[in-house]
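Everything on this sheet refers to the single structure shown next.
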Amino acid sequence: MSLRAAVLGHPISHSKSPALHLAAYGKLGMDIGYTALDLTEQALPAFMEQVRTQQGWRGLSVTMPLKSGMFAEVDEVRGVARTLGVVNTVAFEEDLGSVRRIGYNTDVAGIVNAVLNAGVAASPAAVVLGGGGTAAAAVAALKDLGTQHAQVFVRDTSRADEARAAAAGVGLSIVVRPLTEAAVPTASADVVISTLPPRAADGLAAEIAALGTGTPGVLLDVAYDPWPSQIASAWQSGGGAVVPGLEMLLYQAVEQVRLFTGRGDDVNASVIDVMCDSVGLPRRAF
């Protein structure tokens, strides 16, 4: 029986997940196919019902705009995904002859590890750009990093329910404000996590550059195509450190590979290094 996994999203052609996962499976000596499947929110329930009866599935990576909708499509939700109501990972587990679809969220670990790798200090003053599913993971990650309060800037303050729910769930104080007010607080923050879609932060980038005050903190921009983004370029010009979204993608994929293969301890430094090679990231200094 052939084993398979996939990344789901819309659009999805730009995804680097297949390269990351296939590199890991090759290093582990496991024959697991991994493809990118373009899937809309409307098509998700039918797809998840279809995979329930298909053999060989080991896992699904879930990206925008499906992370919130996937919560209702799995048989069980574990870990921080239960608190956030956001699922970016589905692992398939056999249970008494049947297969159960288990939902997880590895975005939180992806953000924490990416930011720590950049050298962020404990309890950073923080800003989150965006209010959706990935922003919910960013809120939880900031709590893990020791942040006590964060500012969340969104294009429409009436559409930040996922970020608000996440903050309540993990016990982080947040204030939600319009993106038009983001420039000054963002430029002065210790850590900024942008979860906005590609090019959605271009206007803010121009405002930050025009301030001329510098950007002393760390910016993680989860949008990695096109790269560098305008906000990443403006941030770097202001003297700040930039963490590309590929770093988060790497670290959340490491957790997914562990779940999909069941070989947690084997997904070690050598596996992570070939994953880095597959997308052009520098190898880790373990």
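Naming scheme: A, B, ... for chains in displayed order of the structure tokens; residues 1 onward per chain; ligands 1 onward as shown.
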Inset, instruction - Quick one: everything within 12 Å of A:Ala138, counting only C-alpha atoms, minus sequence neighbours fewer than 4 positions away in the same chain. Send it as a VMD selection string. - result: chain A and resid 80 84 86 105 to 115 126 to 134 142 to 145 147 150 to 152 162 to 164 166 to 167 170 172 174 191 to 196 220 to 222 248
Inset, instruction - Apply DSSP to the backbone of this structure and, from stretch 7-140 of chain A, keep only the residues in strand (DSSP E); write these as a VMD selection string. - result: chain A and resid 7 to 9 32 to 38 57 to 62 76 to 77 89 to 95 98 to 104 126 to 129
Per residue of stretch 163-273 of chain A within 10 Å of stretch 38-58 of chain A, record the nearest atom pair and its distance in Å to one decimal, counting only C-alpha atoms, with rows in chain order and ascending residue number, as CSV.
residue,atom,partner,partner_atom,distance
A:Val257,CA,A:Arg58,CA,9.7
A:Leu259,CA,A:Arg58,CA,8.6
A:Phe260,CA,A:Arg58,CA,5.3
A:Thr261,CA,A:Arg58,CA,7.3
A:Gly262,CA,A:Arg58,CA,9.6
With 8 Å as the cut-off and only C-alpha atoms counted, what is the closest atom pair between each nearby residue of stretch 247-271 of chain A and stretch 9-25 of chain A? Distances in Å to one decimal, ordered by chain and number, as a tab-separated table.
residue	atom	partner	partner_atom	distance
A:Leu249	CA	A:Ser17	CA	7.6
A:Leu250	CA	A:Leu20	CA	7.2
A:Ala253	CA	A:His21	CA	7.1
A:Val257	CA	A:His21	CA	6.8
A:Val267	CA	A:Ala24	CA	7.9
A:Val271	CA	A:Ala24	CA	5.7
Test item: residues at most 9 Å from A:Ser61, only C-alpha atoms, excluding those fewer than 3 positions along its chain, as a PDB file with all heavy atoms, in the first residue's frame:
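So the final result, stored in part08.pdb, reads:
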ATOM      1  N   ALA A   5       0.680  11.864   1.821  1.00  0.00           N
ATOM      2  CA  ALA A   5       0.335  13.043   2.615  1.00  0.00           C
ATOM      3  C   ALA A   5       0.202  14.200   1.641  1.00  0.00           C
ATOM      4  O   ALA A   5       0.549  14.085   0.459  1.00  0.00           O
ATOM      5  CB  ALA A   5       1.401  13.322   3.668  1.00  0.00           C
ATOM      6  N   ALA A   6      -0.315  15.324   2.111  1.00  0.00           N
ATOM      7  CA  ALA A   6      -0.530  16.455   1.210  1.00  0.00           C
ATOM      8  C   ALA A   6      -0.664  17.736   1.998  1.00  0.00           C
ATOM      9  O   ALA A   6      -0.956  17.727   3.200  1.00  0.00           O
ATOM     10  CB  ALA A   6      -1.788  16.240   0.358  1.00  0.00           C
ATOM     11  N   VAL A   7      -0.466  18.848   1.304  1.00  0.00           N
ATOM     12  CA  VAL A   7      -0.778  20.159   1.859  1.00  0.00           C
ATOM     13  C   VAL A   7      -2.011  20.686   1.135  1.00  0.00           C
ATOM     14  O   VAL A   7      -2.108  20.605  -0.099  1.00  0.00           O
ATOM     15  CB  VAL A   7       0.409  21.141   1.734  1.00  0.00           C
ATOM     16  CG1 VAL A   7       0.877  21.316   0.294  1.00  0.00           C
ATOM     17  CG2 VAL A   7       0.057  22.503   2.352  1.00  0.00           C
ATOM     18  N   LEU A   8      -2.968  21.212   1.901  1.00  0.00           N
ATOM     19  CA  LEU A   8      -4.230  21.706   1.361  1.00  0.00           C
ATOM     20  C   LEU A   8      -4.302  23.215   1.534  1.00  0.00           C
ATOM     21  O   LEU A   8      -3.945  23.757   2.582  1.00  0.00           O
ATOM     22  CB  LEU A   8      -5.418  21.088   2.111  1.00  0.00           C
ATOM     23  CG  LEU A   8      -5.421  19.589   2.374  1.00  0.00           C
ATOM     24  CD1 LEU A   8      -6.648  19.200   3.185  1.00  0.00           C
ATOM     25  CD2 LEU A   8      -5.371  18.811   1.067  1.00  0.00           C
ATOM     26  N   GLY A   9      -4.802  23.910   0.523  1.00  0.00           N
ATOM     27  CA  GLY A   9      -4.990  25.345   0.632  1.00  0.00           C
ATOM     28  C   GLY A   9      -5.458  25.927  -0.681  1.00  0.00           C
ATOM     29  O   GLY A   9      -5.597  25.223  -1.682  1.00  0.00           O
ATOM     30  N   SER A  17       5.964  23.378   1.101  1.00  0.00           N
ATOM     31  CA  SER A  17       5.792  22.213   1.969  1.00  0.00           C
ATOM     32  C   SER A  17       6.187  20.896   1.294  1.00  0.00           C
ATOM     33  O   SER A  17       6.819  20.048   1.939  1.00  0.00           O
ATOM     34  CB  SER A  17       4.348  22.143   2.476  1.00  0.00           C
ATOM     35  OG  SER A  17       4.090  23.194   3.388  1.00  0.00           O
ATOM     36  N   ASN A  88      -3.882  23.182  11.773  1.00  0.00           N
ATOM     37  CA  ASN A  88      -3.047  23.260  10.572  1.00  0.00           C
ATOM     38  C   ASN A  88      -2.419  21.915  10.223  1.00  0.00           C
ATOM     39  O   ASN A  88      -1.659  21.821   9.266  1.00  0.00           O
ATOM     40  CB  ASN A  88      -1.933  24.312  10.747  1.00  0.00           C
ATOM     41  CG  ASN A  88      -0.729  23.765  11.482  1.00  0.00           C
ATOM     42  OD1 ASN A  88      -0.870  23.143  12.542  1.00  0.00           O
ATOM     43  ND2 ASN A  88       0.456  23.983  10.948  1.00  0.00           N
ATOM     44  N   THR A  89      -2.746  20.886  11.000  1.00  0.00           N
ATOM     45  CA  THR A  89      -2.152  19.570  10.815  1.00  0.00           C
ATOM     46  C   THR A  89      -3.188  18.501  11.126  1.00  0.00           C
ATOM     47  O   THR A  89      -3.876  18.580  12.154  1.00  0.00           O
ATOM     48  CB  THR A  89      -0.952  19.383  11.769  1.00  0.00           C
ATOM     49  OG1 THR A  89      -0.001  20.419  11.533  1.00  0.00           O
ATOM     50  CG2 THR A  89      -0.287  18.033  11.576  1.00  0.00           C
ATOM     51  N   VAL A  90      -3.289  17.509  10.256  1.00  0.00           N
ATOM     52  CA  VAL A  90      -4.153  16.354  10.502  1.00  0.00           C
ATOM     53  C   VAL A  90      -3.316  15.093  10.373  1.00  0.00           C
ATOM     54  O   VAL A  90      -2.708  14.854   9.325  1.00  0.00           O
ATOM     55  CB  VAL A  90      -5.341  16.291   9.523  1.00  0.00           C
ATOM     56  CG1 VAL A  90      -6.225  15.076   9.833  1.00  0.00           C
ATOM     57  CG2 VAL A  90      -6.158  17.573   9.565  1.00  0.00           C
ATOM     58  N   ALA A  91      -3.250  14.318  11.445  1.00  0.00           N
ATOM     59  CA  ALA A  91      -2.558  13.030  11.413  1.00  0.00           C
ATOM     60  C   ALA A  91      -3.598  11.915  11.421  1.00  0.00           C
ATOM     61  O   ALA A  91      -4.654  12.048  12.051  1.00  0.00           O
ATOM     62  CB  ALA A  91      -1.627  12.895  12.608  1.00  0.00           C
ATOM     63  N   ALA A 253       6.817  22.325   9.969  1.00  0.00           N
ATOM     64  CA  ALA A 253       6.887  21.094   9.176  1.00  0.00           C
ATOM     65  C   ALA A 253       7.656  19.996   9.903  1.00  0.00           C
ATOM     66  O   ALA A 253       7.324  18.814   9.775  1.00  0.00           O
ATOM     67  CB  ALA A 253       7.540  21.373   7.823  1.00  0.00           C
ATOM     68  N   GLN A 256       5.210  18.346  11.979  1.00  0.00           N
ATOM     69  CA  GLN A 256       4.309  17.538  11.159  1.00  0.00           C
ATOM     70  C   GLN A 256       4.962  16.226  10.739  1.00  0.00           C
ATOM     71  O   GLN A 256       4.320  15.162  10.769  1.00  0.00           O
ATOM     72  CB  GLN A 256       3.882  18.323   9.915  1.00  0.00           C
ATOM     73  CG  GLN A 256       2.957  19.481  10.224  1.00  0.00           C
ATOM     74  CD  GLN A 256       2.535  20.253   8.988  1.00  0.00           C
ATOM     75  OE1 GLN A 256       3.186  20.193   7.956  1.00  0.00           O
ATOM     76  NE2 GLN A 256       1.446  20.992   9.099  1.00  0.00           N
TER      77      GLN A 256
END
Inset, instruction - Check stretch 46-281 of chain A with DSSP on the backbone and list each residue it calls alpha helix (DSSP H), as a VMD selection string. - result: chain A and resid 46 to 52 80 to 84 107 to 117 133 to 144 161 to 170 183 to 188 202 to 211 230 to 237 245 to 261 269 to 279
Legend entry - A:Glu207 surroundings by only C-alpha atoms, 12 Å radius, close-in-sequence under 2 positions cut, as a VMD selection string: chain A and resid 179 to 187 201 to 205 209 to 214 230 to 231 234 to 235
